[in-house]
>>> print(open('final22.cif').read())   # mmCIF, C-alpha atoms
data_input
loop_
_atom_site.label_atom_id
_atom_site.label_comp_id
_atom_site.auth_asym_id
_atom_site.auth_seq_id
_atom_site.Cartn_x
_atom_site.Cartn_y
_atom_site.Cartn_z
CA MET O 1 0.00 0.00 0.00
CA ARG O 2 1.46 3.32 -1.06
CA PHE O 3 0.42 6.86 -0.04
CA ASP O 4 1.59 10.35 -1.01
CA SER O 5 1.87 11.50 2.61
CA LEU O 6 1.26 10.38 6.18
CA GLU O 7 -2.10 12.16 6.19
CA ASP O 8 -3.20 10.29 3.09
CA SER O 9 -2.63 6.99 4.88
CA LEU O 10 -5.29 7.80 7.50
CA GLY O 11 -8.20 5.39 7.95
CA HIS O 12 -8.89 2.09 6.13
CA THR O 13 -7.90 0.31 9.34
CA PRO O 14 -8.20 -3.48 9.64
CA LEU O 15 -11.29 -5.13 11.12
CA ILE O 16 -10.05 -8.21 12.95
CA GLY O 17 -12.07 -11.18 14.17
CA LEU O 18 -11.73 -12.35 17.78
CA PRO O 19 -12.17 -16.14 17.56
CA LYS O 20 -11.36 -16.80 21.21
CA LEU O 21 -13.35 -14.00 22.83
CA SER O 22 -16.41 -14.56 20.62
CA PRO O 23 -18.87 -16.60 22.72
CA ALA O 24 -20.26 -18.76 19.89
CA PRO O 25 -19.55 -19.52 16.21
CA ASN O 26 -22.64 -17.48 15.24
CA VAL O 27 -22.05 -14.65 17.74
CA ARG O 28 -18.86 -13.02 16.56
CA LEU O 29 -16.83 -10.07 17.81
CA TRP O 30 -14.81 -7.87 15.44
CA ILE O 31 -12.33 -5.20 16.51
CA LYS O 32 -11.52 -2.16 14.36
CA MET O 33 -7.84 -1.36 14.84
CA GLU O 34 -7.79 2.43 15.07
CA ASP O 35 -4.26 2.38 16.47
CA ARG O 36 -3.19 1.89 12.82
CA ASN O 37 -3.74 5.60 12.15
CA PRO O 38 -0.91 8.15 11.73
CA THR O 39 -0.60 9.14 15.43
CA GLY O 40 -1.99 5.86 16.73
CA SER O 41 -5.57 6.69 17.61
CA ILE O 42 -9.07 7.06 16.19
CA LYS O 43 -8.85 10.81 16.86
CA ASP O 44 -6.79 11.32 13.71
CA ARG O 45 -10.04 11.08 11.76
CA ALA O 46 -11.83 13.83 13.69
CA ALA O 47 -8.71 16.03 13.72
CA LEU O 48 -8.20 15.85 9.95
CA TRP O 49 -11.88 16.47 9.18
CA MET O 50 -12.08 19.42 11.61
CA ILE O 51 -8.93 21.09 10.27
CA ASN O 52 -9.98 20.60 6.65
CA ALA O 53 -13.44 22.03 7.37
CA ALA O 54 -11.97 25.04 9.20
CA GLU O 55 -9.64 25.73 6.27
CA ARG O 56 -12.51 25.46 3.78
CA ASP O 57 -14.64 27.81 5.90
CA GLY O 58 -11.79 30.34 6.06
CA LEU O 59 -11.48 30.03 9.86
CA LEU O 60 -7.93 28.71 9.71
CA LYS O 61 -5.52 30.92 7.85
CA PRO O 62 -1.77 30.39 7.38
CA GLY O 63 0.13 30.91 10.64
CA ALA O 64 -3.01 30.57 12.79
CA THR O 65 -3.02 29.25 16.36
CA ILE O 66 -5.31 26.36 17.25
CA LEU O 67 -6.63 25.98 20.82
CA GLU O 68 -8.34 22.78 21.99
CA PRO O 69 -9.51 21.18 25.24
CA THR O 70 -8.40 17.55 25.18
CA SER O 71 -7.61 14.66 27.48
CA GLY O 72 -4.85 13.69 25.07
CA ASN O 73 -5.58 11.84 21.84
CA THR O 74 -7.39 14.59 19.91
CA GLY O 75 -4.69 17.04 20.92
CA ILE O 76 -1.98 14.66 19.70
CA SER O 77 -3.75 14.22 16.34
CA LEU O 78 -4.32 17.96 15.93
CA ALA O 79 -0.71 18.71 16.88
CA MET O 80 0.66 16.37 14.22
CA ILE O 81 -1.48 17.86 11.43
CA ALA O 82 -0.98 21.44 12.70
CA LYS O 83 2.79 21.01 12.57
CA GLN O 84 2.63 19.67 9.02
CA ARG O 85 0.50 22.63 7.92
CA GLY O 86 2.30 25.37 9.83
CA TYR O 87 -0.21 26.14 12.58
CA LYS O 88 0.65 26.67 16.22
CA MET O 89 -1.11 24.26 18.61
CA ILE O 90 -2.14 24.92 22.22
CA CYS O 91 -3.88 22.17 24.21
CA VAL O 92 -5.82 22.57 27.45
CA MET O 93 -5.46 19.21 29.20
CA PRO O 94 -6.47 17.98 32.67
CA GLU O 95 -3.43 17.45 34.92
CA ASN O 96 -4.62 13.94 35.88
CA THR O 97 -3.65 12.33 32.56
CA SER O 98 -0.77 9.94 31.85
CA PRO O 99 2.69 11.55 31.34
CA GLU O 100 3.02 9.94 27.90
CA ARG O 101 0.27 12.21 26.62
CA SER O 102 2.20 15.34 27.61
CA GLN O 103 5.40 13.95 26.07
CA LEU O 104 3.67 13.12 22.80
CA LEU O 105 1.98 16.52 22.60
CA ARG O 106 5.31 18.34 23.10
CA MET O 107 7.00 16.01 20.63
CA TRP O 108 4.64 17.24 17.90
CA GLY O 109 5.26 20.82 18.96
CA ALA O 110 2.15 21.55 21.00
CA GLU O 111 2.08 23.82 24.01
CA ILE O 112 0.12 22.52 27.03
CA ILE O 113 -1.96 24.48 29.50
CA TYR O 114 -3.00 22.21 32.39
CA SER O 115 -6.46 22.36 33.93
CA GLU O 116 -7.38 21.16 37.41
CA ALA O 117 -7.82 17.43 38.07
CA ALA O 118 -11.13 17.94 39.88
CA GLY O 119 -13.88 18.08 37.30
CA GLY O 120 -11.76 16.26 34.68
CA SER O 121 -12.50 17.17 31.07
CA ASN O 122 -15.36 19.46 32.16
CA GLU O 123 -12.75 21.70 33.69
CA ALA O 124 -10.55 21.55 30.56
CA VAL O 125 -13.54 22.58 28.42
CA ARG O 126 -14.46 25.41 30.80
CA HIS O 127 -10.87 26.68 30.95
CA ALA O 128 -10.43 26.47 27.16
CA LYS O 129 -13.61 28.50 26.64
CA GLU O 130 -12.25 31.20 28.99
CA ILE O 131 -8.93 31.33 27.13
CA SER O 132 -10.76 31.40 23.82
CA ALA O 133 -12.81 34.40 24.96
CA ALA O 134 -9.61 36.20 25.97
CA HIS O 135 -7.93 35.29 22.64
CA PRO O 136 -10.55 35.59 19.92
CA GLU O 137 -7.74 35.47 17.33
CA TRP O 138 -7.06 31.82 18.22
CA VAL O 139 -9.16 29.13 16.55
CA MET O 140 -10.89 26.68 18.88
CA LEU O 141 -12.08 23.75 16.76
CA TYR O 142 -14.06 22.46 19.79
CA GLN O 143 -14.41 18.73 19.15
CA TYR O 144 -17.44 18.40 21.48
CA GLY O 145 -19.59 20.57 19.24
CA ASN O 146 -17.87 20.47 15.84
CA ALA O 147 -20.06 18.74 13.23
CA ALA O 148 -16.91 17.77 11.27
CA ASN O 149 -15.97 15.44 14.15
CA ALA O 150 -19.11 13.30 13.69
CA LEU O 151 -18.93 13.74 9.91
CA ALA O 152 -15.45 12.14 9.88
CA HIS O 153 -17.04 8.94 11.14
CA TYR O 154 -20.10 9.24 8.92
CA GLU O 155 -17.80 9.51 5.90
CA SER O 156 -14.98 7.14 6.88
CA THR O 157 -15.42 4.85 9.92
CA GLY O 158 -19.03 3.92 9.09
CA PRO O 159 -18.48 3.09 5.40
CA GLU O 160 -15.30 1.11 6.19
CA ILE O 161 -17.07 -1.04 8.78
CA LEU O 162 -20.10 -1.74 6.61
CA GLU O 163 -17.88 -2.62 3.63
CA ASP O 164 -15.91 -5.12 5.73
CA LEU O 165 -18.90 -6.46 7.69
CA PRO O 166 -22.16 -6.22 5.70
CA THR O 167 -23.77 -8.60 8.23
CA ILE O 168 -23.16 -6.23 11.16
CA THR O 169 -25.86 -6.31 13.88
CA HIS O 170 -24.23 -4.25 16.64
CA PHE O 171 -21.72 -1.40 16.78
CA VAL O 172 -20.04 -0.56 20.10
CA ALA O 173 -17.83 2.47 20.76
CA GLY O 174 -16.72 4.79 23.53
CA LEU O 175 -18.66 7.87 24.53
CA GLY O 176 -16.41 10.91 24.91
CA THR O 177 -17.12 13.71 22.47
CA THR O 178 -19.75 11.28 21.09
CA GLY O 179 -18.39 11.91 17.55
CA THR O 180 -17.59 8.25 16.78
CA LEU O 181 -21.01 7.02 17.89
CA MET O 182 -22.97 9.84 16.26
CA GLY O 183 -21.26 9.62 12.86
CA THR O 184 -20.84 5.85 12.57
CA GLY O 185 -24.22 5.30 14.24
CA ARG O 186 -26.09 7.52 11.80
CA TYR O 187 -24.36 5.95 8.80
CA LEU O 188 -25.16 2.40 9.91
CA ARG O 189 -28.75 3.15 10.99
CA GLU O 190 -29.53 4.59 7.55
CA ARG O 191 -28.37 1.39 5.87
CA VAL O 192 -28.76 -1.53 8.26
CA PRO O 193 -32.28 -2.28 9.54
CA HIS O 194 -32.40 -2.93 13.32
CA VAL O 195 -28.67 -2.30 13.84
CA GLU O 196 -27.91 -1.55 17.49
CA ILE O 197 -25.61 1.34 18.38
CA ILE O 198 -24.13 0.84 21.84
CA ALA O 199 -22.22 3.37 23.93
CA ALA O 200 -19.60 2.44 26.53
CA GLU O 201 -18.85 5.28 28.85
CA PRO O 202 -15.87 5.21 31.24
CA ARG O 203 -16.78 5.54 34.92
CA TYR O 204 -13.96 7.43 36.59
CA GLY O 205 -13.04 7.91 40.24
CA GLU O 206 -14.86 10.43 42.38
CA VAL O 207 -12.53 13.37 41.82
CA VAL O 208 -13.58 13.52 38.17
CA TYR O 209 -17.22 13.96 39.19
CA GLY O 210 -16.26 16.65 41.69
CA LEU O 211 -18.57 19.33 40.34
CA ARG O 212 -19.65 22.28 42.43
CA ASN O 213 -23.28 21.70 41.54
CA ILE O 214 -25.31 19.35 39.41
CA ASP O 215 -26.06 22.06 36.84
CA GLY O 216 -22.31 22.26 36.22
CA GLY O 217 -22.60 18.94 34.35
CA PHE O 218 -21.69 18.64 30.70
CA ILE O 219 -23.25 16.98 27.67
CA PRO O 220 -21.40 17.41 24.36
CA GLU O 221 -23.36 19.52 21.89
CA LEU O 222 -22.87 16.71 19.33
CA TYR O 223 -24.76 14.18 21.47
CA ASP O 224 -28.11 13.06 20.06
CA GLU O 225 -29.64 10.40 22.26
CA SER O 226 -31.82 9.09 19.42
CA VAL O 227 -28.78 7.75 17.53
CA ILE O 228 -27.85 5.20 20.19
CA THR O 229 -29.89 2.29 21.46
CA ARG O 230 -28.14 1.44 24.73
CA ARG O 231 -25.54 3.01 26.98
CA PHE O 232 -23.33 1.36 29.60
CA SER O 233 -21.08 2.77 32.30
CA VAL O 234 -17.85 0.77 32.78
CA GLY O 235 -15.43 1.24 35.67
CA SER O 236 -11.65 0.89 35.68
CA HIS O 237 -11.71 -2.60 37.23
CA ASP O 238 -13.70 -4.12 34.34
CA SER O 239 -11.78 -2.08 31.76
CA VAL O 240 -8.40 -3.34 32.98
CA ARG O 241 -9.73 -6.89 33.16
CA ARG O 242 -10.89 -6.73 29.52
CA VAL O 243 -7.66 -5.12 28.28
CA ARG O 244 -5.85 -8.11 29.80
CA ASP O 245 -8.35 -10.58 28.26
CA LEU O 246 -7.66 -9.02 24.87
CA LEU O 247 -3.92 -9.47 25.39
CA ASP O 248 -4.09 -12.99 26.83
CA GLN O 249 -6.64 -14.45 24.46
CA GLU O 250 -6.18 -12.59 21.19
CA GLY O 251 -2.70 -11.08 21.48
CA ILE O 252 -3.98 -7.53 21.00
CA PHE O 253 -2.38 -4.70 23.00
CA ALA O 254 -5.00 -2.02 23.63
CA GLY O 255 -5.45 1.11 25.71
CA LEU O 256 -7.90 1.39 28.56
CA SER O 257 -10.93 2.88 26.83
CA THR O 258 -10.91 -0.16 24.55
CA GLY O 259 -11.25 -2.34 27.66
CA ALA O 260 -14.45 -0.49 28.60
CA ILE O 261 -15.82 -0.95 25.08
CA LEU O 262 -14.95 -4.66 24.98
CA HIS O 263 -16.71 -5.11 28.35
CA ALA O 264 -19.92 -3.66 26.92
CA ALA O 265 -19.53 -5.71 23.71
CA LEU O 266 -19.12 -8.95 25.68
CA GLY O 267 -22.21 -8.14 27.77
CA ILE O 268 -24.24 -7.68 24.59
CA ALA O 269 -22.77 -10.88 23.10
CA ARG O 270 -23.83 -12.87 26.18
CA GLU O 271 -27.39 -11.56 25.89
CA VAL O 272 -27.53 -12.56 22.21
CA VAL O 273 -26.30 -16.08 23.04
CA LYS O 274 -28.94 -16.38 25.78
CA ARG O 275 -31.68 -15.43 23.31
CA GLY O 276 -30.35 -18.04 20.86
CA GLU O 277 -29.73 -15.47 18.13
CA SER O 278 -26.79 -14.72 15.84
CA ALA O 279 -24.78 -11.51 15.80
CA ASP O 280 -21.82 -9.74 14.22
CA ILE O 281 -20.64 -7.22 16.78
CA ALA O 282 -18.08 -4.63 15.66
CA PHE O 283 -16.32 -2.44 18.18
CA ILE O 284 -13.56 0.14 18.24
CA LEU O 285 -9.99 -0.20 19.46
CA CYS O 286 -9.38 3.51 20.19
CA ASP O 287 -5.64 3.28 20.67
CA ALA O 288 -2.92 0.82 21.66
CA GLY O 289 -1.56 0.51 25.19
CA TRP O 290 1.73 2.39 24.77
CA LYS O 291 0.46 5.64 26.29
CA TYR O 292 -0.70 3.80 29.41
CA LEU O 293 2.41 1.76 30.26
CA SER O 294 3.46 4.20 32.99
CA THR O 295 0.18 3.51 34.83
CA GLY O 296 1.48 -0.02 35.46
CA ILE O 297 -1.92 -1.59 34.84
CA TYR O 298 -0.71 -4.34 32.53
CA GLU O 299 0.77 -6.32 35.42
CA GLY O 300 -0.03 -7.09 39.06
CA SER O 301 -3.46 -7.59 40.60
CA LEU O 302 -6.63 -5.98 39.27
CA ASP O 303 -7.18 -4.28 42.61
CA ASP O 304 -3.73 -2.66 42.41
CA ALA O 305 -4.47 -1.51 38.87
CA GLU O 306 -7.79 -0.04 39.95
CA GLU O 307 -6.03 1.82 42.76
CA ARG O 308 -3.41 3.23 40.38
CA LEU O 309 -6.15 4.60 38.15
CA GLU O 310 -8.17 6.20 40.95
CA GLY O 311 -8.56 9.87 40.14
CA GLN O 312 -6.94 9.48 36.69
CA LEU O 313 -8.63 10.31 33.41
CA TRP O 314 -7.79 6.85 32.09
CA ALA O 315 -9.99 6.88 28.98
CA MET Q 1 -52.84 -3.76 49.89
CA HIS Q 2 -49.20 -2.81 50.26
CA VAL Q 3 -46.88 -5.05 48.28
CA SER Q 4 -43.37 -4.95 49.68
CA THR Q 5 -40.51 -4.55 47.25
CA PRO Q 6 -36.88 -5.43 47.99
CA GLU Q 7 -34.45 -2.77 49.12
CA ILE Q 8 -31.63 -2.17 46.66
CA ASP Q 9 -28.28 -0.38 46.92
CA ILE Q 10 -27.98 3.10 45.49
CA ARG Q 11 -24.61 4.80 45.02
CA ILE Q 12 -24.74 8.51 45.69
CA PRO Q 13 -22.30 10.96 44.04
CA THR Q 14 -20.27 13.36 46.20
CA ILE Q 15 -22.41 16.26 45.13
CA LEU Q 16 -25.61 14.72 46.58
CA ARG Q 17 -24.11 13.38 49.81
CA PRO Q 18 -25.19 16.41 51.85
CA TYR Q 19 -28.69 14.87 51.56
CA THR Q 20 -27.62 11.44 52.82
CA GLY Q 21 -25.59 12.63 55.79
CA GLY Q 22 -22.41 11.93 53.85
CA GLU Q 23 -23.29 8.30 53.03
CA LYS Q 24 -21.80 7.02 49.73
CA SER Q 25 -24.29 4.20 49.43
CA VAL Q 26 -27.87 4.06 50.71
CA GLN Q 27 -30.86 1.77 50.34
CA ALA Q 28 -34.34 2.34 49.00
CA ALA Q 29 -37.17 0.20 47.64
CA GLY Q 30 -39.61 0.40 44.76
CA ALA Q 31 -40.92 -1.58 41.80
CA THR Q 32 -39.83 1.12 39.36
CA LEU Q 33 -37.13 3.79 39.34
CA SER Q 34 -39.85 6.36 39.96
CA ALA Q 35 -40.97 4.51 43.10
CA VAL Q 36 -37.35 4.17 44.27
CA ILE Q 37 -36.87 7.93 43.96
CA ASP Q 38 -40.11 8.48 45.94
CA ASP Q 39 -38.72 6.24 48.66
CA LEU Q 40 -35.36 8.05 48.56
CA GLU Q 41 -37.22 11.32 49.05
CA ARG Q 42 -39.03 9.91 52.11
CA ARG Q 43 -35.72 8.84 53.64
CA PHE Q 44 -33.62 11.79 52.48
CA PRO Q 45 -35.86 14.82 51.98
CA GLY Q 46 -34.75 17.14 49.18
CA MET Q 47 -33.20 14.39 47.07
CA ALA Q 48 -36.04 14.11 44.52
CA GLU Q 49 -35.84 17.77 43.64
CA ARG Q 50 -32.13 17.35 42.80
CA LEU Q 51 -32.85 14.38 40.53
CA LEU Q 52 -36.08 15.42 38.83
CA GLU Q 53 -37.38 18.41 36.96
CA ASP Q 54 -40.91 18.62 35.55
CA GLY Q 55 -41.44 14.95 36.33
CA LYS Q 56 -38.39 13.84 34.32
CA LEU Q 57 -34.76 13.11 35.15
CA ARG Q 58 -32.74 16.30 35.17
CA ARG Q 59 -30.64 16.87 32.07
CA PHE Q 60 -27.30 16.60 33.86
CA VAL Q 61 -28.25 13.63 36.06
CA ASN Q 62 -27.38 10.15 34.83
CA VAL Q 63 -28.89 7.11 36.54
CA TYR Q 64 -27.53 3.65 35.82
CA LEU Q 65 -29.42 0.45 36.66
CA ASN Q 66 -26.86 -2.37 36.86
CA ASP Q 67 -24.45 -0.11 34.91
CA GLU Q 68 -26.95 0.59 32.11
CA ASP Q 69 -28.23 4.13 31.49
CA VAL Q 70 -31.92 4.08 32.45
CA ARG Q 71 -32.84 6.52 29.68
CA PHE Q 72 -32.60 3.58 27.24
CA ILE Q 73 -34.57 1.10 29.38
CA GLY Q 74 -37.70 3.01 30.30
CA SER Q 75 -36.29 5.97 32.23
CA LEU Q 76 -38.39 6.52 35.37
CA ASP Q 77 -40.52 3.49 34.44
CA ALA Q 78 -37.48 1.17 34.43
CA VAL Q 79 -38.38 -2.01 36.34
CA ILE Q 80 -36.41 -2.75 39.51
CA SER Q 81 -35.78 -6.32 40.74
CA ALA Q 82 -34.18 -7.82 43.83
CA GLY Q 83 -30.38 -7.70 43.66
CA ASP Q 84 -30.27 -4.73 41.28
CA ASN Q 85 -28.07 -1.75 41.98
CA ILE Q 86 -28.40 1.87 41.02
CA THR Q 87 -25.63 4.42 40.47
CA ILE Q 88 -26.36 8.12 40.25
CA LEU Q 89 -23.73 10.34 38.57
CA PRO Q 90 -23.57 13.86 37.20
CA ALA Q 91 -23.01 14.06 33.42
CA VAL Q 92 -19.36 14.91 32.74
CA ALA Q 93 -17.20 15.12 29.64
CA GLY Q 94 -15.44 11.86 28.74
CA GLY Q 95 -12.09 11.17 27.11
CA SER Q 96 -11.27 13.20 24.07
#
>>> encode(input="final22.cif", output="C-alpha cells")
Amino acid sequence: MRFDSLEDSLGHTPLIGLPKLSPAPNVRLWIKMEDRNPTGSIKDRAALWMINAAERDGLLKPGATILEPTSGNTGISLAMIAKQRGYKMICVMPENTSPERSQLLRMWGAEIIYSEAAGGSNEAVRHAKEISAAHPEWVMLYQYGNAANALAHYESTGPEILEDLPTITHFVAGLGTTGTLMGTGRYLRERVPHVEIIAAEPRYGEVVYGLRNIDGGFIPELYDESVITRRFSVGSHDSVRRVRDLLDQEGIFAGLSTGAILHAALGIAREVVKRGESADIAFILCDAGWKYLSTGIYEGSLDDAEERLEGQLWA
Amino acid sequence: MHVSTPEIDIRIPTILRPYTGGEKSVQAAGATLSAVIDDLERRFPGMAERLLEDGKLRRFVNVYLNDEDVRFIGSLDAVISAGDNITILPAVAGGS
C-alpha cells in the first residue's frame, strides 16, 4: 500500500475477528484497529476532518493558532497535522492524565496548559472556553460541538465497517465527544435495519465527578440520544480486566478505553447467546496501550491496577 | 394492599451526599425507578428535587441500573428487581 503522505494513509484500518473472545460460532466479535492511524488513535479522523473544514470555511488561515480542550488523543492528532501545515497548537489538558500524553503533545510541537484534576474534562472545556474568549484570534475547533468530528465517522469509519462487515448487527464504541457514535451510528442506521448502536462510557473515580453543583454537568453539543440504542457505564476494574483478556486471548495490546468498550460488547454478546440469536458485533480499538504503560496496569493484581487509576482520566 | 418490594443499593455521588448525611451508598425500595426515587425522598428529603425536573430526570443527572443508562430502558418506568443496583452520577465530559 502506497500513499503520497502520512495524512493520506489515514483510515482504512483493519477489522479483525476475535475467535477466542467470541462466545459462539454465530455470535462473533470484530475489533476495528484504530491504532493503525498516523498518530496511533481514532482521533486522527476527527482532527483531519475538523482542520480541513476550518480551512474550507476560512477560519484557519496560514500561521493561525489552534486551541483545543483535550484529554490527550485529539490534541496529539491535531498537533501532528498542525505542525505539518504550519499552525501553532495549544492544548488545554487535565493534569490527571498519563505523562506519555504530555510527552507526545510536546513532541509534535504543542504547548500545554493544564487544567485542574477535579472536574476532569469538564474543567478543561471550561478553561479552554475562557482562554478562547480572551484570545478571539485563536481558533478553537471544539471537538465536542464540531459537526466535522461526527462527519469524519459518517464519511470514513461507518463506510469502512459496513464494507468489511455487511452482516453487522451491533456497533459498540466509547462515549467521549460522542463523535464516533454519532457519525458511525447515523451511517449504519440509515443502511442496516435494526442495527444496534451501543455506547460504553468510562466511569472514573470520584474526583472527576467533583462538580460544584449538578447544573455544572456537561453533555457534548454533538450528542443526540436518538442515535444510540443502549448506553453502559464501565469502571476501571472491568476495563483493565478486559484489556488483559484481549492481550491474553487474542494477542492484541490495547489502551484502557478499549477495555471499557470490549466489556460492553461482551455483555451484549452474552445476551444474544442467551436469546439463541446470531450476531456480528463490531467495536472500536481507540488506541494501543503504549500511552498507558506508565500507569502499570498491565501487570499485578486488578485491585492494584484499579487503585493506580483512581482519580486518573484513564480513557 | 401494600406489596413490599426489595431494598436495593444506590450509590450517591459526592455532590448529593449532603442529603444522605455523607453516606456514599444508601438503600431504598420500589418496583420502578420512579418509586425508588419516591422512597429516597421519604428517607432523604430534598433528594427528589435534585434528581427530577418537571417529572423527568434532570438533564445533567445520569442514573444507571446495573451499569446501564436508564434513559434507554424506560427511564423513570425502568423495572427494579431484587439484587439490582443503582448508580447516580452527574453528566461529565469523557475522554477526548
>>> interface_residues(input="final22.cif", of="chain Q", to="chain O", cutoff="8 Å", atoms="all atoms listed in the file", output="PyMOL selection string")
chain Q and resi 13-15+50+60-61+64+67-69+72-73+89-96
>>> atom_distance(input="final22.cif", atom1="atom CA of Ser4 of chain Q", atom2="atom CA of Leu33 of chain Q")
14.9 Å
>>> resolve_selection(input="final22.cif", expression="the PyMOL selection byres ((chain O and resi 51-60) around 9)", output="number ranges by chain")
O: 46-50, 61-66, 78, 81-82, 87, 139, 141, 148
>>> residues_around(input="final22.cif", residues="Thr20 of chain Q", least_positions_apart="4", cutoff="12 Å", atoms="all atoms listed in the file", output="list in words")
Ile10, Arg11, Ile12, Pro13, Thr14, Ile15, Leu16, Lys24, Ser25, Val26, Gln27, Ala28, Leu40, Glu41, Arg42, Arg43, Phe44, Pro45, Gly46 and Met47 of chain Q
>>> atom_distance(input="final22.cif", atom1="atom CA of Glu307 of chain O", atom2="atom CA of Ser98 of chain O")
14.6 Å
>>> resolve_selection(input="final22.cif", expression="the PyMOL selection byres ((chain Q and resi 82) around 8)", output="number ranges by chain")
Q: 5-8, 80-81, 83-84
>>> closest_residue(input="final22.cif", among="O:Ile281, O:Val195, O:Leu162, O:Arg241", to="Gly17 of chain O", atoms="all atoms listed in the file")
O:Ile281
>>> resolve_selection(input="final22.cif", expression="the PyMOL selection byres ((chain O and resi 185) around 10)", output="VMD selection string")
chain O and resid 150 153 to 154 157 to 158 170 to 173 179 to 184 186 to 190 195 to 198 226 to 229
>>> residues_near_point(input="final22.cif", point="(-21.1, -6.2, 15.9)", cutoff="12 Å", atoms="all atoms listed in the file", output="PyMOL selection string")
chain O and resi 15-18+22+26-32+161-162+164-173+188+192+195-198+261-262+264-266+268-269+272+278-284
>>> residues_near_point(input="final22.cif", point="(-39.3, -2.3, 38.2)", cutoff="9 Å", atoms="only C-alpha atoms", output="MDAnalysis selection string")
chainID Q and resid 30:35 77:81
>>> residues_around(input="final22.cif", residues="Leu10 of chain O", least_positions_apart="2", cutoff="7 Å", atoms="all atoms listed in the file", output="PDB file with C-alpha atoms, in the frame of the given file")
ATOM      1  CA  GLU O   7      -2.100  12.160   6.190  1.00  0.00           C
ATOM      2  CA  ASP O   8      -3.200  10.290   3.090  1.00  0.00           C
ATOM      3  CA  HIS O  12      -8.890   2.090   6.130  1.00  0.00           C
ATOM      4  CA  ASN O  37      -3.740   5.600  12.150  1.00  0.00           C
ATOM      5  CA  PRO O  38      -0.910   8.150  11.730  1.00  0.00           C
TER       6      PRO O  38
END
>>> residues_around(input="final22.cif", residues="Glu34 of chain O", least_positions_apart="4", cutoff="6 Å", atoms="all atoms listed in the file", output="VMD selection string")
chain O and resid 41 to 42 285 to 286
>>> atom_distance(input="final22.cif", atom1="atom CA of Leu76 of chain Q", atom2="atom CA of Lys56 of chain Q")
7.4 Å
>>> closest_residue(input="final22.cif", among="Q:Leu57, Q:Val63, Q:Ile37, Q:Leu51", to="Ile86 of chain Q", atoms="only C-alpha atoms")
Q:Val63
